[in-house]
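Asks: mmCIF, N, CA and C atoms, file coords00.cif:
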data_structure
#
loop_
_atom_site.label_atom_id
_atom_site.label_comp_id
_atom_site.auth_asym_id
_atom_site.auth_seq_id
_atom_site.Cartn_x
_atom_site.Cartn_y
_atom_site.Cartn_z
N MET A 4 18.94 112.42 28.51
CA MET A 4 19.61 113.41 27.71
C MET A 4 20.87 113.92 28.41
N ASN A 5 20.74 114.26 29.68
CA ASN A 5 21.87 114.75 30.45
C ASN A 5 22.96 113.69 30.55
N LEU A 6 22.58 112.43 30.70
CA LEU A 6 23.53 111.33 30.76
C LEU A 6 24.28 111.20 29.43
N SER A 7 23.60 111.38 28.31
CA SER A 7 24.24 111.29 27.00
C SER A 7 25.30 112.37 26.83
N ARG A 8 25.00 113.58 27.31
CA ARG A 8 25.98 114.68 27.20
C ARG A 8 27.21 114.38 28.04
N ARG A 9 26.99 113.83 29.24
CA ARG A 9 28.13 113.47 30.09
C ARG A 9 28.98 112.40 29.42
N MET A 10 28.33 111.39 28.84
CA MET A 10 29.07 110.32 28.16
C MET A 10 29.85 110.89 26.98
N ALA A 11 29.23 111.81 26.25
CA ALA A 11 29.92 112.43 25.12
C ALA A 11 31.12 113.24 25.60
N ALA A 12 30.95 113.97 26.70
CA ALA A 12 32.05 114.76 27.25
C ALA A 12 33.18 113.86 27.70
N ILE A 13 32.85 112.74 28.33
CA ILE A 13 33.87 111.78 28.77
C ILE A 13 34.59 111.20 27.56
N ALA A 14 33.86 110.89 26.49
CA ALA A 14 34.49 110.35 25.29
C ALA A 14 35.44 111.36 24.67
N VAL A 15 35.04 112.64 24.63
CA VAL A 15 35.91 113.68 24.09
C VAL A 15 37.15 113.83 24.95
N LEU A 16 36.97 113.83 26.28
CA LEU A 16 38.10 113.95 27.19
C LEU A 16 39.05 112.76 27.04
N ALA A 17 38.50 111.57 26.93
CA ALA A 17 39.34 110.37 26.75
C ALA A 17 40.12 110.44 25.45
N THR A 18 39.48 110.92 24.39
CA THR A 18 40.18 111.06 23.11
C THR A 18 41.30 112.09 23.21
N ALA A 19 41.03 113.20 23.90
CA ALA A 19 42.07 114.23 24.06
C ALA A 19 43.25 113.69 24.86
N VAL A 20 42.97 112.96 25.94
CA VAL A 20 44.04 112.38 26.75
C VAL A 20 44.83 111.36 25.94
N ALA A 21 44.15 110.52 25.18
CA ALA A 21 44.84 109.53 24.34
C ALA A 21 45.71 110.23 23.31
N GLY A 22 45.23 111.32 22.75
CA GLY A 22 46.03 112.08 21.79
C GLY A 22 47.26 112.67 22.43
N THR A 23 47.12 113.16 23.66
CA THR A 23 48.26 113.71 24.38
C THR A 23 49.29 112.63 24.68
N VAL A 24 48.84 111.47 25.10
CA VAL A 24 49.75 110.36 25.38
C VAL A 24 50.46 109.94 24.11
N ALA A 25 49.75 109.89 22.99
CA ALA A 25 50.36 109.49 21.73
C ALA A 25 51.41 110.50 21.28
N LEU A 26 51.23 111.77 21.63
CA LEU A 26 52.18 112.80 21.21
C LEU A 26 53.40 112.88 22.12
N THR A 27 53.33 112.34 23.30
CA THR A 27 54.43 112.45 24.25
C THR A 27 55.76 111.97 23.70
N PRO A 28 55.88 110.79 23.03
CA PRO A 28 57.18 110.39 22.52
C PRO A 28 57.74 111.38 21.50
N GLN A 29 56.90 111.96 20.67
CA GLN A 29 57.39 112.93 19.70
C GLN A 29 57.90 114.18 20.41
N ALA A 30 57.19 114.60 21.45
CA ALA A 30 57.64 115.78 22.18
C ALA A 30 58.98 115.53 22.85
N SER A 31 59.18 114.34 23.44
CA SER A 31 60.44 114.07 24.11
C SER A 31 61.58 113.93 23.11
N ALA A 32 61.28 113.44 21.89
CA ALA A 32 62.31 113.34 20.87
C ALA A 32 62.83 114.72 20.49
N ALA A 33 61.94 115.71 20.55
CA ALA A 33 62.34 117.07 20.20
C ALA A 33 63.28 117.65 21.25
N THR A 34 63.26 117.13 22.47
CA THR A 34 64.11 117.66 23.52
C THR A 34 65.38 116.83 23.70
N ARG A 35 65.65 115.89 22.81
CA ARG A 35 66.84 115.05 22.89
C ARG A 35 68.08 115.94 22.84
N ALA A 36 69.05 115.62 23.69
CA ALA A 36 70.27 116.42 23.79
C ALA A 36 71.02 116.46 22.46
N ALA A 37 71.62 117.60 22.18
CA ALA A 37 72.47 117.77 21.01
C ALA A 37 73.91 117.95 21.47
N TYR A 38 74.84 117.56 20.63
CA TYR A 38 76.25 117.76 20.95
C TYR A 38 76.50 119.25 21.13
N ASN A 39 77.20 119.61 22.20
CA ASN A 39 77.38 121.02 22.56
C ASN A 39 78.73 121.62 22.15
N GLY A 40 79.57 120.88 21.46
CA GLY A 40 80.82 121.43 20.95
C GLY A 40 81.94 121.62 21.95
N VAL A 41 81.78 121.11 23.18
CA VAL A 41 82.78 121.38 24.22
C VAL A 41 84.11 120.66 24.00
N CYS A 42 84.16 119.69 23.10
CA CYS A 42 85.45 119.02 22.84
C CYS A 42 86.42 119.94 22.13
N GLY A 43 85.89 120.92 21.41
CA GLY A 43 86.74 121.90 20.76
C GLY A 43 86.65 121.86 19.25
N SER A 44 87.42 122.73 18.64
CA SER A 44 87.44 122.88 17.20
C SER A 44 87.97 121.61 16.52
N GLY A 45 87.33 121.20 15.44
CA GLY A 45 87.79 120.06 14.67
C GLY A 45 87.23 118.72 15.12
N TYR A 46 86.53 118.66 16.23
CA TYR A 46 85.94 117.40 16.71
C TYR A 46 84.56 117.22 16.10
N LYS A 47 84.36 116.07 15.49
CA LYS A 47 83.08 115.72 14.86
C LYS A 47 82.49 114.52 15.57
N VAL A 48 81.17 114.49 15.72
CA VAL A 48 80.49 113.35 16.34
C VAL A 48 80.61 112.14 15.42
N VAL A 49 81.16 111.05 15.95
CA VAL A 49 81.29 109.81 15.19
C VAL A 49 80.40 108.70 15.74
N ASN A 50 79.85 108.91 16.94
CA ASN A 50 78.95 107.93 17.53
C ASN A 50 78.24 108.61 18.69
N SER A 51 77.08 108.09 19.04
CA SER A 51 76.35 108.60 20.20
C SER A 51 75.41 107.52 20.69
N ALA A 52 74.97 107.67 21.94
CA ALA A 52 74.04 106.70 22.51
C ALA A 52 73.15 107.42 23.52
N PRO A 53 71.85 107.12 23.48
CA PRO A 53 70.96 107.73 24.47
C PRO A 53 71.23 107.16 25.86
N ILE A 54 71.03 107.97 26.86
CA ILE A 54 71.13 107.53 28.25
C ILE A 54 69.71 107.56 28.79
N GLY A 55 68.98 106.49 28.54
CA GLY A 55 67.57 106.44 28.91
C GLY A 55 66.85 107.63 28.34
N SER A 56 66.07 108.30 29.15
CA SER A 56 65.35 109.50 28.73
C SER A 56 66.02 110.76 29.26
N LYS A 57 67.24 110.61 29.81
CA LYS A 57 67.88 111.73 30.50
C LYS A 57 68.85 112.54 29.65
N GLY A 58 69.42 111.94 28.60
CA GLY A 58 70.39 112.66 27.80
C GLY A 58 71.08 111.75 26.81
N THR A 59 72.26 112.17 26.35
CA THR A 59 73.01 111.45 25.32
C THR A 59 74.49 111.55 25.63
N VAL A 60 75.21 110.46 25.36
CA VAL A 60 76.67 110.49 25.45
C VAL A 60 77.19 110.52 24.01
N PHE A 61 78.14 111.42 23.74
CA PHE A 61 78.68 111.61 22.40
C PHE A 61 80.15 111.22 22.36
N LEU A 62 80.52 110.44 21.34
CA LEU A 62 81.91 110.14 21.03
C LEU A 62 82.28 110.98 19.82
N THR A 63 83.31 111.80 19.96
CA THR A 63 83.75 112.65 18.85
C THR A 63 85.19 112.28 18.49
N TYR A 64 85.60 112.73 17.30
CA TYR A 64 86.96 112.44 16.83
C TYR A 64 87.49 113.64 16.06
N ASN A 65 88.76 113.94 16.28
CA ASN A 65 89.45 114.99 15.54
C ASN A 65 90.51 114.29 14.70
N SER A 66 90.29 114.21 13.40
CA SER A 66 91.20 113.46 12.52
C SER A 66 92.57 114.12 12.41
N ALA A 67 92.65 115.43 12.54
CA ALA A 67 93.94 116.12 12.46
C ALA A 67 94.82 115.80 13.67
N LYS A 68 94.20 115.63 14.82
CA LYS A 68 94.94 115.33 16.05
C LYS A 68 94.98 113.84 16.37
N GLY A 69 94.10 113.04 15.75
CA GLY A 69 94.02 111.61 16.05
C GLY A 69 93.47 111.34 17.44
N LYS A 70 92.65 112.25 17.94
CA LYS A 70 92.13 112.12 19.31
C LYS A 70 90.61 111.96 19.32
N ASN A 71 90.16 111.14 20.28
CA ASN A 71 88.74 111.00 20.57
C ASN A 71 88.41 111.87 21.78
N CYS A 72 87.14 112.21 21.89
CA CYS A 72 86.63 112.97 23.03
C CYS A 72 85.23 112.46 23.34
N VAL A 73 84.91 112.39 24.63
CA VAL A 73 83.57 111.98 25.06
C VAL A 73 82.98 113.06 25.94
N VAL A 74 81.71 113.35 25.72
CA VAL A 74 80.96 114.28 26.55
C VAL A 74 79.55 113.72 26.74
N THR A 75 79.03 113.86 27.96
CA THR A 75 77.66 113.45 28.29
C THR A 75 76.83 114.70 28.47
N VAL A 76 75.70 114.78 27.75
CA VAL A 76 74.87 115.98 27.76
C VAL A 76 73.45 115.63 28.19
N ARG A 77 72.92 116.40 29.14
CA ARG A 77 71.54 116.22 29.59
C ARG A 77 70.56 116.78 28.57
N ASN A 78 69.36 116.19 28.53
CA ASN A 78 68.31 116.70 27.66
C ASN A 78 67.87 118.09 28.09
N ALA A 79 67.82 118.33 29.38
CA ALA A 79 67.41 119.64 29.89
C ALA A 79 68.27 119.95 31.11
N THR A 80 68.75 121.18 31.18
CA THR A 80 69.54 121.57 32.34
C THR A 80 68.63 121.65 33.56
N GLY A 81 69.23 121.56 34.71
CA GLY A 81 68.45 121.59 35.94
C GLY A 81 69.37 121.57 37.13
N LYS A 82 68.82 121.14 38.26
CA LYS A 82 69.64 121.06 39.47
C LYS A 82 70.77 120.07 39.24
N PRO A 83 71.89 120.23 39.93
CA PRO A 83 73.02 119.30 39.76
C PRO A 83 72.62 117.87 40.11
N VAL A 84 73.01 116.95 39.25
CA VAL A 84 72.81 115.52 39.48
C VAL A 84 74.12 114.80 39.18
N PRO A 85 74.32 113.60 39.73
CA PRO A 85 75.54 112.85 39.40
C PRO A 85 75.59 112.54 37.90
N MET A 86 76.73 112.85 37.29
CA MET A 86 76.94 112.58 35.87
C MET A 86 78.39 112.14 35.66
N PHE A 87 78.63 111.41 34.55
CA PHE A 87 80.01 111.09 34.21
C PHE A 87 80.17 110.94 32.71
N ALA A 88 81.41 111.11 32.26
CA ALA A 88 81.85 110.82 30.90
C ALA A 88 83.10 109.97 31.04
N TYR A 89 83.22 108.93 30.20
CA TYR A 89 84.32 107.96 30.33
C TYR A 89 84.84 107.61 28.94
N LEU A 90 86.16 107.47 28.82
CA LEU A 90 86.80 107.04 27.57
C LEU A 90 88.03 106.20 27.89
N TYR A 91 88.10 105.05 27.23
CA TYR A 91 89.29 104.21 27.33
C TYR A 91 89.69 103.81 25.92
N VAL A 92 90.91 104.14 25.54
CA VAL A 92 91.47 103.73 24.24
C VAL A 92 92.17 102.41 24.48
N GLN A 93 91.75 101.37 23.76
CA GLN A 93 92.31 100.04 23.99
C GLN A 93 93.82 100.04 23.79
N GLY A 94 94.52 99.48 24.78
CA GLY A 94 95.97 99.45 24.79
C GLY A 94 96.59 100.56 25.61
N ALA A 95 95.79 101.53 26.04
CA ALA A 95 96.32 102.64 26.86
C ALA A 95 96.52 102.17 28.30
N ASP A 96 97.36 102.88 29.01
CA ASP A 96 97.62 102.55 30.41
C ASP A 96 96.44 102.92 31.32
N GLU A 97 95.74 104.00 30.99
CA GLU A 97 94.67 104.49 31.85
C GLU A 97 93.48 104.97 31.02
N SER A 98 92.35 105.04 31.69
CA SER A 98 91.16 105.63 31.07
C SER A 98 91.09 107.10 31.45
N ALA A 99 90.23 107.83 30.75
CA ALA A 99 89.96 109.23 31.08
C ALA A 99 88.53 109.32 31.58
N GLU A 100 88.33 109.98 32.70
CA GLU A 100 87.01 110.07 33.30
C GLU A 100 86.76 111.46 33.86
N ASP A 101 85.52 111.87 33.82
CA ASP A 101 85.09 113.08 34.50
C ASP A 101 83.75 112.77 35.14
N GLY A 102 83.64 113.03 36.42
CA GLY A 102 82.39 112.78 37.11
C GLY A 102 82.17 113.78 38.22
N GLY A 103 80.92 114.00 38.52
CA GLY A 103 80.55 114.92 39.59
C GLY A 103 79.09 115.25 39.50
N ALA A 104 78.68 116.27 40.22
CA ALA A 104 77.30 116.75 40.17
C ALA A 104 77.26 117.94 39.22
N TYR A 105 76.59 117.77 38.08
CA TYR A 105 76.57 118.79 37.04
C TYR A 105 75.15 119.17 36.65
N THR A 106 75.00 120.38 36.12
CA THR A 106 73.68 120.87 35.71
C THR A 106 73.38 120.59 34.24
N SER A 107 74.41 120.46 33.39
CA SER A 107 74.12 120.27 31.96
C SER A 107 74.98 119.23 31.26
N TYR A 108 76.27 119.13 31.57
CA TYR A 108 77.10 118.13 30.90
C TYR A 108 78.29 117.71 31.75
N ALA A 109 78.81 116.51 31.43
CA ALA A 109 80.04 115.99 32.05
C ALA A 109 81.06 115.79 30.94
N GLY A 110 82.31 116.00 31.25
CA GLY A 110 83.36 115.93 30.26
C GLY A 110 83.77 117.34 29.90
N PRO A 111 84.56 117.47 28.90
CA PRO A 111 85.04 116.45 27.97
C PRO A 111 86.22 115.66 28.54
N VAL A 112 86.36 114.43 28.03
CA VAL A 112 87.53 113.60 28.33
C VAL A 112 88.14 113.17 27.00
N TYR A 113 89.47 113.07 26.97
CA TYR A 113 90.18 112.84 25.71
C TYR A 113 91.06 111.60 25.76
N GLY A 114 91.32 111.04 24.58
CA GLY A 114 92.26 109.93 24.44
C GLY A 114 92.78 109.86 23.02
N ASP A 115 94.02 109.39 22.84
CA ASP A 115 94.65 109.25 21.53
C ASP A 115 94.15 107.96 20.89
N GLY A 116 93.14 108.08 20.03
CA GLY A 116 92.47 106.90 19.50
C GLY A 116 92.74 106.58 18.04
N ARG A 117 93.73 107.21 17.42
CA ARG A 117 93.98 106.95 15.99
C ARG A 117 94.27 105.47 15.76
N GLY A 118 93.42 104.82 14.95
CA GLY A 118 93.61 103.42 14.58
C GLY A 118 93.34 102.43 15.70
N LYS A 119 92.66 102.84 16.76
CA LYS A 119 92.42 101.95 17.91
C LYS A 119 90.93 101.90 18.25
N CYS A 120 90.53 100.79 18.83
CA CYS A 120 89.16 100.66 19.33
C CYS A 120 89.03 101.46 20.63
N VAL A 121 87.84 101.94 20.90
CA VAL A 121 87.62 102.69 22.12
C VAL A 121 86.41 102.13 22.88
N ASP A 122 86.47 102.25 24.19
CA ASP A 122 85.35 101.98 25.08
C ASP A 122 84.93 103.34 25.61
N TRP A 123 83.65 103.62 25.59
CA TRP A 123 83.19 104.93 26.04
C TRP A 123 81.84 104.79 26.71
N ALA A 124 81.56 105.74 27.62
CA ALA A 124 80.34 105.64 28.40
C ALA A 124 79.93 107.01 28.92
N GLY A 125 78.68 107.06 29.34
CA GLY A 125 78.15 108.25 29.99
C GLY A 125 77.04 107.86 30.93
N GLY A 126 76.87 108.66 31.96
CA GLY A 126 75.81 108.40 32.92
C GLY A 126 75.21 109.68 33.43
N ILE A 127 73.91 109.61 33.70
CA ILE A 127 73.19 110.74 34.27
C ILE A 127 72.29 110.19 35.36
N ASP A 128 72.50 110.69 36.57
CA ASP A 128 71.69 110.30 37.71
C ASP A 128 71.73 108.79 37.90
N ASN A 129 70.68 108.08 37.59
CA ASN A 129 70.64 106.64 37.86
C ASN A 129 70.64 105.79 36.59
N GLN A 130 71.05 106.35 35.45
CA GLN A 130 71.10 105.60 34.20
C GLN A 130 72.46 105.78 33.54
N SER A 131 72.91 104.74 32.85
CA SER A 131 74.19 104.84 32.14
C SER A 131 74.15 104.00 30.87
N THR A 132 75.02 104.34 29.94
CA THR A 132 75.20 103.59 28.71
C THR A 132 76.70 103.38 28.50
N TRP A 133 77.08 102.12 28.28
CA TRP A 133 78.49 101.75 28.08
C TRP A 133 78.62 101.10 26.71
N THR A 134 79.61 101.52 25.94
CA THR A 134 79.88 100.94 24.63
C THR A 134 81.33 100.46 24.63
N TYR A 135 81.51 99.19 24.28
CA TYR A 135 82.84 98.57 24.32
C TYR A 135 83.31 98.21 22.91
N GLY A 136 84.58 98.43 22.63
CA GLY A 136 85.19 98.02 21.36
C GLY A 136 84.55 98.66 20.15
N SER A 137 84.40 99.97 20.17
CA SER A 137 83.69 100.63 19.07
C SER A 137 84.63 101.46 18.21
N ASN A 138 84.12 101.82 17.05
CA ASN A 138 84.78 102.72 16.10
C ASN A 138 86.19 102.26 15.74
N CYS A 139 86.29 100.96 15.44
CA CYS A 139 87.59 100.41 15.07
C CYS A 139 87.47 99.51 13.84
N GLY A 140 86.82 100.01 12.82
CA GLY A 140 86.72 99.25 11.58
C GLY A 140 85.59 98.25 11.60
N SER A 141 85.88 97.01 11.23
CA SER A 141 84.84 96.02 11.02
C SER A 141 84.37 95.34 12.29
N LEU A 142 85.03 95.56 13.42
CA LEU A 142 84.60 94.93 14.66
C LEU A 142 83.28 95.55 15.11
N LYS A 143 82.37 94.71 15.59
CA LYS A 143 81.08 95.18 16.05
C LYS A 143 81.16 95.60 17.52
N ALA A 144 80.66 96.78 17.80
CA ALA A 144 80.66 97.30 19.18
C ALA A 144 79.64 96.57 20.02
N TYR A 145 79.87 96.55 21.32
CA TYR A 145 78.97 95.93 22.28
C TYR A 145 78.50 97.03 23.22
N ARG A 146 77.17 97.23 23.34
CA ARG A 146 76.62 98.32 24.14
C ARG A 146 75.73 97.78 25.25
N VAL A 147 75.88 98.36 26.44
CA VAL A 147 75.08 98.01 27.60
C VAL A 147 74.46 99.28 28.17
N THR A 148 73.14 99.27 28.31
CA THR A 148 72.43 100.39 28.93
C THR A 148 71.79 99.86 30.20
N LYS A 149 71.98 100.58 31.30
CA LYS A 149 71.43 100.08 32.56
C LYS A 149 71.04 101.22 33.48
N GLY A 150 70.14 100.91 34.37
CA GLY A 150 69.75 101.83 35.42
C GLY A 150 70.08 101.21 36.76
N TRP A 151 70.22 102.00 37.75
CA TRP A 151 70.49 101.46 39.08
C TRP A 151 69.70 102.21 40.10
#
Translate the structure of the given file into structure tokens.

Replies:
Amino acid sequence: MNLSRRMAAIAVLATAVAGTVALTPQASAATRAAYNGVCGSGYKVVNSAPIGSKGTVFLTYNSAKGKNCVVTVRNATGKPVPMFAYLYVQGADESAEDGGAYTSYAGPVYGDGRGKCVDWAGGIDNQSTWTYGSNCGSLKAYRVTKGW
């Protein structure tokens, strides 16, 4: 009898643990980073990409100014970690980058992207996401996500 109760308790515990594990992805989805508006007035999110489980990089565009902006946002603020935001407008002489040890976001970085393809990226700690040739009409973007 005592053995049966222990087995039943173990079965209940196993079910509870399995339920917790099954709920974990939903809980982490709720903590996914949101665009924080740091690019300024008139900038709307036109693309985004997750950076592993650490955050999201956002590509925004201001149609009145013809400018793109990139910002990398962590899912949760915390101690400073290496982060970066990167934007290159194809045909430009230089890229725009911001990097350092940040608690919540990197960027914003800007480029004049009206009618041009852009390459953009973001990184948090040991993970990054790079998107090449995006937001330029019918051309398909190429995205690389990697950890190091």

Asks: Determine the residue set returned by the PyMOL selection byres ((chain A and resi 79-95) around 7) for the present structure, and present it as a compact mmCIF listing (two decimals) with N, CA and C atoms, in the coordinates of the input.

Replies:
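Result went into part_19.txt, see below:
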# COMPACT_ATOMS: atom_id res chain seq x y z
N THR A 34 63.26 117.13 22.47
CA THR A 34 64.11 117.66 23.52
C THR A 34 65.38 116.83 23.70
N ARG A 35 65.65 115.89 22.81
CA ARG A 35 66.84 115.05 22.89
C ARG A 35 68.08 115.94 22.84
N ALA A 36 69.05 115.62 23.69
CA ALA A 36 70.27 116.42 23.79
C ALA A 36 71.02 116.46 22.46
N LYS A 57 67.24 110.61 29.81
CA LYS A 57 67.88 111.73 30.50
C LYS A 57 68.85 112.54 29.65
N GLY A 58 69.42 111.94 28.60
CA GLY A 58 70.39 112.66 27.80
C GLY A 58 71.08 111.75 26.81
N VAL A 73 84.91 112.39 24.63
CA VAL A 73 83.57 111.98 25.06
C VAL A 73 82.98 113.06 25.94
N VAL A 74 81.71 113.35 25.72
CA VAL A 74 80.96 114.28 26.55
C VAL A 74 79.55 113.72 26.74
N THR A 75 79.03 113.86 27.96
CA THR A 75 77.66 113.45 28.29
C THR A 75 76.83 114.70 28.47
N VAL A 76 75.70 114.78 27.75
CA VAL A 76 74.87 115.98 27.76
C VAL A 76 73.45 115.63 28.19
N ARG A 77 72.92 116.40 29.14
CA ARG A 77 71.54 116.22 29.59
C ARG A 77 70.56 116.78 28.57
N ASN A 78 69.36 116.19 28.53
CA ASN A 78 68.31 116.70 27.66
C ASN A 78 67.87 118.09 28.09
N ASP A 96 97.36 102.88 29.01
CA ASP A 96 97.62 102.55 30.41
C ASP A 96 96.44 102.92 31.32
N GLU A 97 95.74 104.00 30.99
CA GLU A 97 94.67 104.49 31.85
C GLU A 97 93.48 104.97 31.02
N SER A 98 92.35 105.04 31.69
CA SER A 98 91.16 105.63 31.07
C SER A 98 91.09 107.10 31.45
N ALA A 99 90.23 107.83 30.75
CA ALA A 99 89.96 109.23 31.08
C ALA A 99 88.53 109.32 31.58
N GLU A 100 88.33 109.98 32.70
CA GLU A 100 87.01 110.07 33.30
C GLU A 100 86.76 111.46 33.86
N ASP A 101 85.52 111.87 33.82
CA ASP A 101 85.09 113.08 34.50
C ASP A 101 83.75 112.77 35.14
N GLY A 102 83.64 113.03 36.42
CA GLY A 102 82.39 112.78 37.11
C GLY A 102 82.17 113.78 38.22
N GLY A 103 80.92 114.00 38.52
CA GLY A 103 80.55 114.92 39.59
C GLY A 103 79.09 115.25 39.50
N ALA A 104 78.68 116.27 40.22
CA ALA A 104 77.30 116.75 40.17
C ALA A 104 77.26 117.94 39.22
N TYR A 105 76.59 117.77 38.08
CA TYR A 105 76.57 118.79 37.04
C TYR A 105 75.15 119.17 36.65
N THR A 106 75.00 120.38 36.12
CA THR A 106 73.68 120.87 35.71
C THR A 106 73.38 120.59 34.24
N SER A 107 74.41 120.46 33.39
CA SER A 107 74.12 120.27 31.96
C SER A 107 74.98 119.23 31.26
N TYR A 108 76.27 119.13 31.57
CA TYR A 108 77.10 118.13 30.90
C TYR A 108 78.29 117.71 31.75
N ALA A 109 78.81 116.51 31.43
CA ALA A 109 80.04 115.99 32.05
C ALA A 109 81.06 115.79 30.94
N GLY A 110 82.31 116.00 31.25
CA GLY A 110 83.36 115.93 30.26
C GLY A 110 83.77 117.34 29.90
N PRO A 111 84.56 117.47 28.90
CA PRO A 111 85.04 116.45 27.97
C PRO A 111 86.22 115.66 28.54
N VAL A 112 86.36 114.43 28.03
CA VAL A 112 87.53 113.60 28.33
C VAL A 112 88.14 113.17 27.00
N TYR A 113 89.47 113.07 26.97
CA TYR A 113 90.18 112.84 25.71
C TYR A 113 91.06 111.60 25.76
N GLY A 114 91.32 111.04 24.58
CA GLY A 114 92.26 109.93 24.44
C GLY A 114 92.78 109.86 23.02
N ASP A 115 94.02 109.39 22.84
CA ASP A 115 94.65 109.25 21.53
C ASP A 115 94.15 107.96 20.89
N GLY A 116 93.14 108.08 20.03
CA GLY A 116 92.47 106.90 19.50
C GLY A 116 92.74 106.58 18.04
N LYS A 119 92.66 102.84 16.76
CA LYS A 119 92.42 101.95 17.91
C LYS A 119 90.93 101.90 18.25
N CYS A 120 90.53 100.79 18.83
CA CYS A 120 89.16 100.66 19.33
C CYS A 120 89.03 101.46 20.63
N VAL A 121 87.84 101.94 20.90
CA VAL A 121 87.62 102.69 22.12
C VAL A 121 86.41 102.13 22.88
N ASP A 122 86.47 102.25 24.19
CA ASP A 122 85.35 101.98 25.08
C ASP A 122 84.93 103.34 25.61
N TRP A 123 83.65 103.62 25.59
CA TRP A 123 83.19 104.93 26.04
C TRP A 123 81.84 104.79 26.71
N ALA A 124 81.56 105.74 27.62
CA ALA A 124 80.34 105.64 28.40
C ALA A 124 79.93 107.01 28.92
N GLY A 125 78.68 107.06 29.34
CA GLY A 125 78.15 108.25 29.99
C GLY A 125 77.04 107.86 30.93
N GLY A 126 76.87 108.66 31.96
CA GLY A 126 75.81 108.40 32.92
C GLY A 126 75.21 109.68 33.43
N ILE A 127 73.91 109.61 33.70
CA ILE A 127 73.19 110.74 34.27
C ILE A 127 72.29 110.19 35.36
N ASP A 128 72.50 110.69 36.57
CA ASP A 128 71.69 110.30 37.71
C ASP A 128 71.73 108.79 37.90
N ASN A 129 70.68 108.08 37.59
CA ASN A 129 70.64 106.64 37.86
C ASN A 129 70.64 105.79 36.59

Asks: Which residues are near Cys42 in chain A? Cut-off 10 Å, only C-alpha atoms, ignore same chain within fewer than 2 positions. Put them as a count of residues only.

Replies: 20

Asks: Distance CA of Gly69 in chain A-CA of Gly136 in chain A, one decimal place?

Replies: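 The value is 17.1 Å.
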
Asks: What's the separation between CA of Arg117 in chain A and atom N of Ile54 in chain A, in Å to one decimal place?

Replies: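 About the pair CA of Arg117 in chain A and atom N of Ile54 in chain A: they are 25.4 Å apart.
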
Asks: For range 90-104 of chain A, take all atoms listed in the file, fit an axis-aligned box around them, add 3 Å to each of the six sides, then output centre and edge lengths in Å rounded to one decimal, as lines of an AutoDock Vina configuration file.

Replies:
center_x = 87.4
center_y = 108.7
center_z = 32.0
size_x = 26.4
size_y = 24.5
size_z = 22.5

Asks: As a list in words, please: all residues of range 30-112 of chain A that backbone DSSP puts in helix (DSSP H, G or I).

Replies: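 Listing helix (DSSP H, G or I) positions across range 30-112 of chain A yields Ala30, Ser31, Ala32 and Ala33 of chain A.
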
Asks: Would you output that residue set with N, CA and C atoms, as a PDB file, in the frame of the given file?

Replies:
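Okay, part-v9.pdb is ready:
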ATOM      1  N   ALA A  30      57.190 114.600  21.450  1.00  0.00           N
ATOM      2  CA  ALA A  30      57.640 115.780  22.180  1.00  0.00           C
ATOM      3  C   ALA A  30      58.980 115.530  22.850  1.00  0.00           C
ATOM      4  N   SER A  31      59.180 114.340  23.440  1.00  0.00           N
ATOM      5  CA  SER A  31      60.440 114.070  24.110  1.00  0.00           C
ATOM      6  C   SER A  31      61.580 113.930  23.110  1.00  0.00           C
ATOM      7  N   ALA A  32      61.280 113.440  21.890  1.00  0.00           N
ATOM      8  CA  ALA A  32      62.310 113.340  20.870  1.00  0.00           C
ATOM      9  C   ALA A  32      62.830 114.720  20.490  1.00  0.00           C
ATOM     10  N   ALA A  33      61.940 115.710  20.550  1.00  0.00           N
ATOM     11  CA  ALA A  33      62.340 117.070  20.200  1.00  0.00           C
ATOM     12  C   ALA A  33      63.280 117.650  21.250  1.00  0.00           C
TER      13      ALA A  33
END

Asks: When you draw a straight line from CA of Phe61 in chain A to CA of Gly118 in chain A, how long is it in Å?

Replies: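 Distance reported for this atom pair: 18.7 Å.
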
Asks: Run DSSP on the backbone and tell me which residues of range 65-138 of chain A come out as strand (DSSP E); list them as number ranges by chain.

Replies: A: 65, 70-77, 84-92, 99-105, 108-115, 121-127, 130-137
